[in-house]
Amino acid sequence: MSTAQVAKLSADTVTIEERTPFQIVMNRFKRHRLAMVSLFIMIGIFIITILAPVIAPFEIQELSVNDYFVEWGTVDQATGRIHYMGTDNIGRDYFSRLIYAGRISLSVAILSVLISEFIGIIVGAISGFFGGWVDAVLMRFVEFMLTIPTLPLLLIISSMLLRNDELIAIPEPILKFMSSILLLSPRDSRNAVLIVMVLAGFGWLSAAQLMRGTVLSLREQTFVEASRSLGASNFRIITRDMLPNAMAPIIVDASLGLAGYIVAEAALAFLGFGIQDPVPTWGNMLAASQQFMLDRPWLPLVPGLPIFFCSLAFNYIGDGLRDALDPRLKL
Amino acid sequence: MTAYFIRRIIQMVIVVFISAIATYALLNLAPGGPLAGLRQVQQTGRFRITEEDIARIRAYFELDLYLPYRFTRWLAGWPTGPVTIGGKAYLSDVEVGCRKPIETEVLNDQGKYESIVTGCNELVYMKDLTGRRSSLGIIRGDFGLSWRLLRDRPVSDLLLSRLSKTLQLMGLQILLSLLIGIPLGVYSAVRQYSKFDYIFTSLAFMGSAMPTFFFGIVMILLFSLLPKAAGLPYLPAGLSESIRGYTIPVIGEVDAGSAKDRILHLILPVAVLTIVNIAGWSRFVRASMLEVMKQDYVRTARAKGLSERAVILKHAFRNALIPFITIVVFTIPNLFSGAIITESIFSWPGMGRLYILALGDNDYPVAMAIFFILAVLTVIATLLRDILYTVVDPRIRLS
């Protein structure tokens, strides 16, 4: 067996092209078929939600008075637009709301991941690099936060924040930014900003632990030592030597995190402590559909399936990335 | 070892204490609460509520006391009045709260009026606390009185009435998950790369990505609503027992509140929780089983001619269970909280549903009590897990 392999290898090595690390990773990722399928599905969903204003025939809060629960594909008499998935209980176009809901749910998840990984990277890098009392204080804090039961605490915080939405003053630019992403009024996007804060506020803990572990193991490596002996500053060592090497687990964590945040956001909305009704999210559409599912059993499937597919797809992508980025990484 | 325990227990107390302060402050600092509705009534002017009424209601909910005093009274039932030493009362003139705050309408920077407390018409002193109704404090097991859900009844009554329902659900769920999940994981690992293993791992992967709330709704659709509409045998969903008797095709007549009724109501929520749990646990068992099967001692056991059955059950399986035990221990707090979502979908009258109701209804004493119990349980479970590590694997030392 070994001789055959050697022969084959030597024939290949002559013609092998030079490949960038990105190409190597991409090639390995392509081998994970479900991850590739998931990637295409997610790109499709992203394009649809980005093009929401173009695709959706109706506005989010546009009411067709007296047209409650019309059939799929009903044509709006006045304007000639089509209710592809009919309307909801107060006459809002279901298909348009579904697309906008996707835009909101995905944006909230992506922003939460970006913020939590960013905080996690900084805290983890500082903690692992400097060690000593800084490390002790930061990691005790992380451990403390992790011992608190998460879901009940999330519920307490978001119920408080949502009920008194003046409690925390959110700077105008952030609201403007959020409203331009979500295509909502700044007032309506307040909820979304609060939910991102709550989710990211608890999400950075595991990223910090991950980053710290990686930095700790990298700190002893010879290339870091070499950098230091060349007179590199701490900042340079962290950003140039350690970060690129720590990216693999962070990227995997982020991909799995996306799945987690989509489900968490939907769960909060489902329980009534997330983004509230006039603003559609998959979670609150699912919750609203619950009381009408006796007559319309397909209704909960419409917002529910996208949540499940996104969660599954990001899990597969994370799985594929883990295999591609670092075959030694496990679980 | 003793030193380790003492340190851990001190840490536990601190963790519980800090999280209690944090959540208490969070719930109590925010405006709203039991007075929110009152002010609206007052504005309509039909039932004119006097300033004295509001002061009385504020005193009733202890809202007239300053936060630190309110907190210590909630936590430890102290202070209940001036300290008496040798027949003489001390600290009786310490200011502990404000009975009638002066509220001024101020124009804020967003151009809206908001009322800000600018002073106090009538202070509350320590001596006023004597004779006031007070709980013994949460650390002595007195969770105070409910504000909304069961007005004026002890929170502990409310909790106890819900506890057995949650225990039923979770006990059954954990038992079933263990009985089904462990064999599945082991079998899948032993037959690695077989067709069964392939199907099992894909299903388990999907199961762990499945959001519980959506899964619950799909189960209700599949096993309750649709078959019922089609006239087939169906399972009742919602509550833990029905209010009126009903007839199910094939199964026959079911009386409200009978054992049959309760069992039928249990099936769906338990199934949802069990399936989701199995997906996670069996994947874990499979991974740790695969890890162990690669070890030298398993090869040794095979080499000395033991039957495959003995190798797997006696040598591999027992060691594979070690890391798994710690996962199971960690579900203890979930006994009470993990089912928040499932209990909500099925309107199951357990602790998780109670928690959601309490938060939605501003019944802070109830929400705080549940959260406090959860925090204590989680901390205990963490300690138990760490101890179990050393028990099952003597190579790990606690220090």
# chains A, B, ... in the order shown; residues from 1 in each chain; ligands from 1
>>> select_by_dssp(residues="region 3-204 of chain A", states="strand (DSSP E or B)", output="list in words")
Leu63, Thr74, Val75, Ile82, His83, Thr87, Arg92 and Asp93 of chain A
>>> write_last_selection(atoms="N, CA and C atoms", output="short mmCIF file (atom, residue, chain, number, x, y, z; two decimals), in the first residue's frame")
data_model
loop_
_atom_site.label_atom_id
_atom_site.label_comp_id
_atom_site.auth_asym_id
_atom_site.auth_seq_id
_atom_site.Cartn_x
_atom_site.Cartn_y
_atom_site.Cartn_z
N LEU A 63 -51.30 47.55 6.32
CA LEU A 63 -52.48 46.75 6.63
C LEU A 63 -53.40 46.70 5.43
N THR A 74 -53.42 35.53 -3.18
CA THR A 74 -54.52 36.46 -3.43
C THR A 74 -53.99 37.78 -3.98
N VAL A 75 -54.68 38.33 -4.94
CA VAL A 75 -54.25 39.61 -5.51
C VAL A 75 -54.95 40.74 -4.78
N ILE A 82 -49.50 41.00 -5.14
CA ILE A 82 -49.94 39.66 -4.76
C ILE A 82 -49.51 39.35 -3.32
N HIS A 83 -50.45 38.82 -2.52
CA HIS A 83 -50.12 38.30 -1.19
C HIS A 83 -49.66 36.86 -1.40
N THR A 87 -52.27 36.76 4.18
CA THR A 87 -52.04 37.81 5.18
C THR A 87 -52.16 37.20 6.57
N ARG A 92 -51.72 41.90 7.53
CA ARG A 92 -50.41 42.28 7.00
C ARG A 92 -49.89 41.16 6.12
N ASP A 93 -49.19 41.53 5.06
CA ASP A 93 -48.73 40.53 4.11
C ASP A 93 -47.71 39.59 4.76
#
>>> residues_around(residues="Trp74 (chain B)", least_positions_apart="2", cutoff="8 Å", atoms="only C-alpha atoms", output="list in words")
Arg70, Phe71, Thr72, Ala76, Gly77, Trp78, Ser135, Leu136, Gly137, Ile138, Phe143 and Gly144 of chain B
>>> write_last_selection(atoms="C-alpha atoms", output="short mmCIF file (atom, residue, chain, number, x, y, z; two decimals), in the first residue's frame")
data_model
loop_
_atom_site.label_atom_id
_atom_site.label_comp_id
_atom_site.auth_asym_id
_atom_site.auth_seq_id
_atom_site.Cartn_x
_atom_site.Cartn_y
_atom_site.Cartn_z
CA ARG B 70 -35.34 46.51 51.14
CA PHE B 71 -32.66 44.08 49.94
CA THR B 72 -31.46 43.03 53.40
CA ALA B 76 -32.24 38.03 55.71
CA GLY B 77 -35.38 39.60 57.19
CA TRP B 78 -33.40 42.38 58.80
CA SER B 135 -40.52 38.07 55.82
CA LEU B 136 -37.93 35.99 57.66
CA GLY B 137 -35.63 36.43 54.71
CA ILE B 138 -34.89 34.28 51.74
CA PHE B 143 -39.61 33.96 50.06
CA GLY B 144 -42.08 36.63 51.08
#
>>> closest_residue(among="A:Ser217, A:Ser158, A:Ser107, A:Gln61", to="chain B", atoms="only C-alpha atoms")
A:Ser158
>>> residues_around(residues="region 255-258 of chain A", least_positions_apart="2", cutoff="6 Å", atoms="only C-alpha atoms", output="list in words")
Ala109, Val252, Asp253, Gly260, Tyr261, Phe314, Asn315 and Gly318 of chain A
>>> write_last_selection(atoms="C-alpha atoms", output="short mmCIF file (atom, residue, chain, number, x, y, z; two decimals), in the first residue's frame")
data_model
loop_
_atom_site.label_atom_id
_atom_site.label_comp_id
_atom_site.auth_asym_id
_atom_site.auth_seq_id
_atom_site.Cartn_x
_atom_site.Cartn_y
_atom_site.Cartn_z
CA ALA A 109 -27.48 37.24 15.17
CA VAL A 252 -15.53 27.92 14.16
CA ASP A 253 -16.91 29.32 17.41
CA GLY A 260 -26.99 29.72 18.80
CA TYR A 261 -27.90 33.40 18.52
CA PHE A 314 -24.69 27.25 10.57
CA ASN A 315 -24.05 24.11 12.59
CA GLY A 318 -19.21 25.29 11.63
#
>>> closest_atom_pairs(of="chain B", to="chain A", cutoff="8 Å", atoms="only C-alpha atoms", output="JSON lines")
{"residue": "B:Val15", "atom": "CA", "partner": "A:Phe144", "partner_atom": "CA", "distance": 6.5}
{"residue": "B:Ser19", "atom": "CA", "partner": "A:Ile148", "partner_atom": "CA", "distance": 7.3}
{"residue": "B:Thr23", "atom": "CA", "partner": "A:Ile156", "partner_atom": "CA", "distance": 7.7}
{"residue": "B:Leu26", "atom": "CA", "partner": "A:Ile157", "partner_atom": "CA", "distance": 7.4}
{"residue": "B:Leu27", "atom": "CA", "partner": "A:Met160", "partner_atom": "CA", "distance": 6.8}
{"residue": "B:Ala30", "atom": "CA", "partner": "A:Asn164", "partner_atom": "CA", "distance": 7.0}
{"residue": "B:Pro31", "atom": "CA", "partner": "A:Asn164", "partner_atom": "CA", "distance": 7.0}
{"residue": "B:Gly32", "atom": "CA", "partner": "A:Asn164", "partner_atom": "CA", "distance": 7.7}
{"residue": "B:Met206", "atom": "CA", "partner": "A:Leu312", "partner_atom": "CA", "distance": 6.4}
{"residue": "B:Ala209", "atom": "CA", "partner": "A:Leu312", "partner_atom": "CA", "distance": 5.2}
{"residue": "B:Met210", "atom": "CA", "partner": "A:Phe308", "partner_atom": "CA", "distance": 5.7}
{"residue": "B:Pro211", "atom": "CA", "partner": "A:Val263", "partner_atom": "CA", "distance": 6.2}
{"residue": "B:Phe213", "atom": "CA", "partner": "A:Ala267", "partner_atom": "CA", "distance": 7.1}
{"residue": "B:Phe214", "atom": "CA", "partner": "A:Gly304", "partner_atom": "CA", "distance": 5.8}
{"residue": "B:Ile217", "atom": "CA", "partner": "A:Pro300", "partner_atom": "CA", "distance": 7.5}
{"residue": "B:Val218", "atom": "CA", "partner": "A:Leu301", "partner_atom": "CA", "distance": 7.8}
{"residue": "B:Leu221", "atom": "CA", "partner": "A:Pro297", "partner_atom": "CA", "distance": 6.7}
{"residue": "B:Leu225", "atom": "CA", "partner": "A:Leu294", "partner_atom": "CA", "distance": 6.5}
{"residue": "B:Leu226", "atom": "CA", "partner": "A:Pro297", "partner_atom": "CA", "distance": 7.7}
{"residue": "B:Ser337", "atom": "CA", "partner": "A:Pro152", "partner_atom": "CA", "distance": 7.3}
{"residue": "B:Ile341", "atom": "CA", "partner": "A:Leu271", "partner_atom": "CA", "distance": 7.3}
{"residue": "B:Ser344", "atom": "CA", "partner": "A:Leu271", "partner_atom": "CA", "distance": 7.6}
{"residue": "B:Ile356", "atom": "CA", "partner": "A:Leu271", "partner_atom": "CA", "distance": 7.7}
{"residue": "B:Leu359", "atom": "CA", "partner": "A:Ile156", "partner_atom": "CA", "distance": 7.0}
{"residue": "B:Gly360", "atom": "CA", "partner": "A:Ser159", "partner_atom": "CA", "distance": 7.5}
{"residue": "B:Phe371", "atom": "CA", "partner": "A:Pro152", "partner_atom": "CA", "distance": 6.9}
{"residue": "B:Leu374", "atom": "CA", "partner": "A:Pro149", "partner_atom": "CA", "distance": 6.9}
{"residue": "B:Ala375", "atom": "CA", "partner": "A:Ile148", "partner_atom": "CA", "distance": 5.9}
{"residue": "B:Thr378", "atom": "CA", "partner": "A:Thr147", "partner_atom": "CA", "distance": 6.5}
{"residue": "B:Val379", "atom": "CA", "partner": "A:Thr147", "partner_atom": "CA", "distance": 6.3}
{"residue": "B:Thr382", "atom": "CA", "partner": "A:Thr147", "partner_atom": "CA", "distance": 7.6}
>>> atom_distance(atom1="CA of Leu169 (chain B)", atom2="CA of Val270 (chain B)")
6.1 Å
>>> closest_residue(among="A:Gly201, A:Pro306, A:Gly128, A:Pro244", to="Leu106 (chain A)", atoms="only C-alpha atoms")
A:Pro306
>>> atom_distance(atom1="CA of Ser96 (chain A)", atom2="CA of Val108 (chain A)")
18.4 Å
>>> residues_around(residues="region 23-33 of chain A", least_positions_apart="5", cutoff="6 Å", atoms="only C-alpha atoms", output="PyMOL selection string")
chain A and resi 320+324-325
>>> write_last_selection(atoms="C-alpha atoms", output="PDB file, in the first residue's frame")
ATOM      1  CA  GLY A 320     -17.149  21.878   7.959  1.00  0.00           C
ATOM      2  CA  ALA A 324     -11.172  22.430   7.087  1.00  0.00           C
ATOM      3  CA  LEU A 325      -9.313  24.849   9.322  1.00  0.00           C
TER       4      LEU A 325
END
>>> select_by_dssp(residues="region 53-244 of chain B", states="alpha helix (DSSP H)", output="compact mmCIF listing (two decimals) with N, CA and C atoms, in the first residue's frame")
# COMPACT_ATOMS: atom_id res chain seq x y z
N ASP B 53 -53.28 57.14 49.64
CA ASP B 53 -53.47 55.78 49.13
C ASP B 53 -52.18 55.25 48.54
N ILE B 54 -51.57 56.11 47.71
CA ILE B 54 -50.33 55.67 47.07
C ILE B 54 -49.26 55.39 48.11
N ALA B 55 -49.17 56.26 49.11
CA ALA B 55 -48.17 56.06 50.16
C ALA B 55 -48.42 54.73 50.87
N ARG B 56 -49.71 54.42 51.10
CA ARG B 56 -50.05 53.18 51.79
C ARG B 56 -49.66 51.97 50.94
N ILE B 57 -49.97 52.07 49.65
CA ILE B 57 -49.64 50.95 48.77
C ILE B 57 -48.12 50.79 48.64
N ARG B 58 -47.44 51.93 48.58
CA ARG B 58 -45.97 51.87 48.52
C ARG B 58 -45.40 51.18 49.75
N ALA B 59 -45.99 51.51 50.91
CA ALA B 59 -45.52 50.90 52.15
C ALA B 59 -45.83 49.41 52.15
N TYR B 60 -46.98 49.06 51.56
CA TYR B 60 -47.42 47.67 51.52
C TYR B 60 -46.42 46.81 50.75
N LEU B 67 -33.35 51.07 48.73
CA LEU B 67 -33.02 49.76 48.16
C LEU B 67 -32.18 48.86 49.07
N PRO B 68 -31.10 49.37 49.70
CA PRO B 68 -30.29 48.47 50.54
C PRO B 68 -31.10 47.84 51.68
N TYR B 69 -31.98 48.65 52.29
CA TYR B 69 -32.78 48.11 53.39
C TYR B 69 -33.78 47.09 52.87
N ARG B 70 -34.40 47.44 51.74
CA ARG B 70 -35.34 46.51 51.14
C ARG B 70 -34.64 45.18 50.84
N PHE B 71 -33.41 45.28 50.32
CA PHE B 71 -32.66 44.08 49.94
C PHE B 71 -32.33 43.22 51.15
N THR B 72 -31.83 43.85 52.24
CA THR B 72 -31.46 43.03 53.40
C THR B 72 -32.70 42.44 54.05
N ARG B 73 -33.81 43.18 53.99
CA ARG B 73 -35.04 42.61 54.55
C ARG B 73 -35.50 41.42 53.72
N TRP B 74 -35.31 41.50 52.42
CA TRP B 74 -35.70 40.39 51.55
C TRP B 74 -34.76 39.20 51.73
N LEU B 75 -33.45 39.52 51.88
CA LEU B 75 -32.45 38.46 51.95
C LEU B 75 -32.44 37.79 53.33
N ALA B 76 -32.45 38.61 54.38
CA ALA B 76 -32.24 38.03 55.71
C ALA B 76 -33.31 38.46 56.71
N VAL B 155 -45.01 33.09 48.66
CA VAL B 155 -44.43 32.63 47.41
C VAL B 155 -44.15 31.12 47.49
N SER B 156 -43.77 30.67 48.71
CA SER B 156 -43.41 29.25 48.83
C SER B 156 -44.60 28.35 48.52
N ASP B 157 -45.83 28.80 48.86
CA ASP B 157 -47.02 28.01 48.50
C ASP B 157 -47.10 27.82 47.00
N LEU B 158 -46.88 28.96 46.32
CA LEU B 158 -46.96 28.96 44.87
C LEU B 158 -45.92 28.02 44.27
N LEU B 159 -44.68 28.11 44.84
CA LEU B 159 -43.59 27.28 44.32
C LEU B 159 -43.89 25.80 44.56
N LEU B 160 -44.35 25.50 45.79
CA LEU B 160 -44.58 24.09 46.12
C LEU B 160 -45.66 23.50 45.24
N SER B 161 -46.70 24.30 44.93
CA SER B 161 -47.78 23.75 44.12
C SER B 161 -47.28 23.44 42.71
N ARG B 162 -46.21 24.13 42.26
CA ARG B 162 -45.71 23.90 40.91
C ARG B 162 -44.58 22.89 40.87
N LEU B 163 -43.94 22.71 42.05
CA LEU B 163 -42.72 21.90 42.08
C LEU B 163 -42.95 20.48 41.59
N SER B 164 -44.04 19.85 42.09
CA SER B 164 -44.23 18.44 41.77
C SER B 164 -44.43 18.26 40.27
N LYS B 165 -45.09 19.23 39.62
CA LYS B 165 -45.32 19.13 38.17
C LYS B 165 -44.00 19.15 37.41
N THR B 166 -43.11 20.07 37.82
CA THR B 166 -41.82 20.15 37.15
C THR B 166 -41.01 18.89 37.40
N LEU B 167 -41.05 18.40 38.66
CA LEU B 167 -40.28 17.20 38.98
C LEU B 167 -40.76 16.01 38.16
N GLN B 168 -42.09 15.89 38.02
CA GLN B 168 -42.67 14.82 37.20
C GLN B 168 -42.07 14.84 35.80
N LEU B 169 -42.18 16.03 35.21
CA LEU B 169 -41.75 16.20 33.82
C LEU B 169 -40.27 15.90 33.67
N MET B 170 -39.46 16.51 34.55
CA MET B 170 -38.02 16.43 34.38
C MET B 170 -37.49 15.07 34.80
N GLY B 171 -38.05 14.51 35.87
CA GLY B 171 -37.60 13.20 36.34
C GLY B 171 -37.77 12.16 35.24
N LEU B 172 -38.96 12.15 34.69
CA LEU B 172 -39.29 11.20 33.65
C LEU B 172 -38.40 11.40 32.43
N GLN B 173 -38.20 12.67 32.12
CA GLN B 173 -37.43 13.02 30.93
C GLN B 173 -35.98 12.55 31.07
N ILE B 174 -35.39 12.82 32.23
CA ILE B 174 -33.99 12.45 32.44
C ILE B 174 -33.84 10.93 32.42
N LEU B 175 -34.78 10.26 33.11
CA LEU B 175 -34.73 8.80 33.16
C LEU B 175 -34.78 8.20 31.75
N LEU B 176 -35.74 8.67 30.96
CA LEU B 176 -35.89 8.14 29.60
C LEU B 176 -34.68 8.46 28.73
N SER B 177 -34.17 9.69 28.88
CA SER B 177 -33.02 10.07 28.07
C SER B 177 -31.83 9.18 28.36
N LEU B 178 -31.63 8.86 29.66
CA LEU B 178 -30.51 7.98 30.02
C LEU B 178 -30.73 6.59 29.44
N LEU B 179 -31.95 6.07 29.63
CA LEU B 179 -32.23 4.70 29.22
C LEU B 179 -32.12 4.53 27.71
N ILE B 180 -32.48 5.56 26.96
CA ILE B 180 -32.44 5.44 25.50
C ILE B 180 -31.13 5.99 24.94
N GLY B 181 -30.69 7.12 25.48
CA GLY B 181 -29.53 7.82 24.92
C GLY B 181 -28.24 7.05 25.06
N ILE B 182 -27.99 6.47 26.24
CA ILE B 182 -26.71 5.78 26.45
C ILE B 182 -26.55 4.58 25.51
N PRO B 183 -27.56 3.65 25.48
CA PRO B 183 -27.40 2.52 24.55
C PRO B 183 -27.23 2.96 23.10
N LEU B 184 -27.98 3.98 22.69
CA LEU B 184 -27.86 4.47 21.32
C LEU B 184 -26.43 4.94 21.03
N GLY B 185 -25.89 5.73 21.94
CA GLY B 185 -24.54 6.26 21.74
C GLY B 185 -23.51 5.15 21.68
N VAL B 186 -23.65 4.18 22.61
CA VAL B 186 -22.67 3.08 22.66
C VAL B 186 -22.75 2.25 21.38
N TYR B 187 -23.99 1.91 21.00
CA TYR B 187 -24.17 1.07 19.82
C TYR B 187 -23.60 1.76 18.59
N SER B 188 -23.89 3.06 18.49
CA SER B 188 -23.42 3.81 17.33
C SER B 188 -21.90 3.85 17.28
N ALA B 189 -21.26 3.94 18.46
CA ALA B 189 -19.80 3.99 18.49
C ALA B 189 -19.20 2.63 18.13
N VAL B 190 -19.83 1.57 18.65
CA VAL B 190 -19.31 0.23 18.38
C VAL B 190 -19.41 -0.08 16.89
N LYS B 195 -24.24 1.81 8.59
CA LYS B 195 -25.40 2.58 8.12
C LYS B 195 -26.14 3.17 9.33
N PHE B 196 -26.26 2.34 10.38
CA PHE B 196 -26.95 2.81 11.58
C PHE B 196 -26.25 4.04 12.14
N ASP B 197 -24.93 3.95 12.23
CA ASP B 197 -24.15 5.05 12.79
C ASP B 197 -24.36 6.32 11.96
N TYR B 198 -24.37 6.14 10.66
CA TYR B 198 -24.52 7.30 9.77
C TYR B 198 -25.87 7.98 9.99
N ILE B 199 -26.93 7.16 10.00
CA ILE B 199 -28.27 7.72 10.20
C ILE B 199 -28.38 8.35 11.58
N PHE B 200 -27.85 7.62 12.57
CA PHE B 200 -27.95 8.12 13.94
C PHE B 200 -27.24 9.46 14.09
N THR B 201 -26.00 9.55 13.58
CA THR B 201 -25.27 10.81 13.78
C THR B 201 -25.96 11.97 13.05
N SER B 202 -26.48 11.70 11.85
CA SER B 202 -27.16 12.81 11.17
C SER B 202 -28.40 13.25 11.93
N LEU B 203 -29.18 12.26 12.42
CA LEU B 203 -30.39 12.62 13.16
C LEU B 203 -30.04 13.38 14.44
N ALA B 204 -29.01 12.89 15.14
CA ALA B 204 -28.62 13.53 16.40
C ALA B 204 -28.13 14.95 16.13
N PHE B 205 -27.42 15.12 15.02
CA PHE B 205 -26.94 16.45 14.67
C PHE B 205 -28.11 17.39 14.44
N MET B 206 -29.09 16.91 13.67
CA MET B 206 -30.27 17.73 13.43
C MET B 206 -31.02 18.00 14.72
N GLY B 207 -31.11 16.97 15.57
CA GLY B 207 -31.82 17.13 16.83
C GLY B 207 -31.21 18.20 17.70
N SER B 208 -29.87 18.26 17.72
CA SER B 208 -29.27 19.26 18.60
C SER B 208 -29.32 20.66 17.98
N ALA B 209 -29.60 20.74 16.66
CA ALA B 209 -29.75 22.06 16.05
C ALA B 209 -31.19 22.53 16.12
N THR B 212 -36.10 24.01 20.53
CA THR B 212 -37.14 23.31 21.28
C THR B 212 -38.53 23.85 20.99
N PHE B 213 -38.62 25.20 20.90
CA PHE B 213 -39.97 25.78 20.77
C PHE B 213 -40.61 25.38 19.45
N PHE B 214 -39.80 25.30 18.38
CA PHE B 214 -40.36 24.91 17.09
C PHE B 214 -40.70 23.42 17.10
N PHE B 215 -39.81 22.63 17.68
CA PHE B 215 -40.03 21.19 17.77
C PHE B 215 -41.33 20.90 18.52
N GLY B 216 -41.53 21.62 19.63
CA GLY B 216 -42.74 21.43 20.42
C GLY B 216 -43.98 21.70 19.60
N ILE B 217 -43.94 22.79 18.84
CA ILE B 217 -45.12 23.15 18.03
C ILE B 217 -45.37 22.10 16.96
N VAL B 218 -44.28 21.62 16.33
CA VAL B 218 -44.44 20.59 15.31
C VAL B 218 -45.05 19.32 15.91
N MET B 219 -44.58 18.96 17.13
CA MET B 219 -45.12 17.77 17.79
C MET B 219 -46.61 17.95 18.09
N ILE B 220 -46.99 19.15 18.54
CA ILE B 220 -48.41 19.40 18.82
C ILE B 220 -49.22 19.24 17.53
N LEU B 226 -53.61 17.75 14.21
CA LEU B 226 -53.97 17.14 12.93
C LEU B 226 -54.74 15.83 13.11
N PRO B 227 -54.24 14.89 13.95
CA PRO B 227 -55.02 13.66 14.12
C PRO B 227 -56.40 13.92 14.71
N LYS B 228 -56.49 14.92 15.58
CA LYS B 228 -57.78 15.22 16.20
C LYS B 228 -58.75 15.69 15.12
N ALA B 229 -58.25 16.55 14.23
CA ALA B 229 -59.10 17.06 13.17
C ALA B 229 -59.51 15.95 12.21
>>> closest_residue(among="A:Asp135, A:Phe129, A:Phe202, A:Val196", to="Glu220 (chain A)", atoms="only C-alpha atoms")
A:Phe129
>>> residues_around(residues="region 39-50 of chain A", least_positions_apart="6", cutoff="7 Å", atoms="only C-alpha atoms", output="list in words")
Ile99, Tyr100, Gly102, Arg103 and Ile317 of chain A
>>> closest_residue(among="A:Leu194, A:Leu162, A:Leu98, A:Val302", to="Ser289 (chain A)", atoms="only C-alpha atoms")
A:Val302
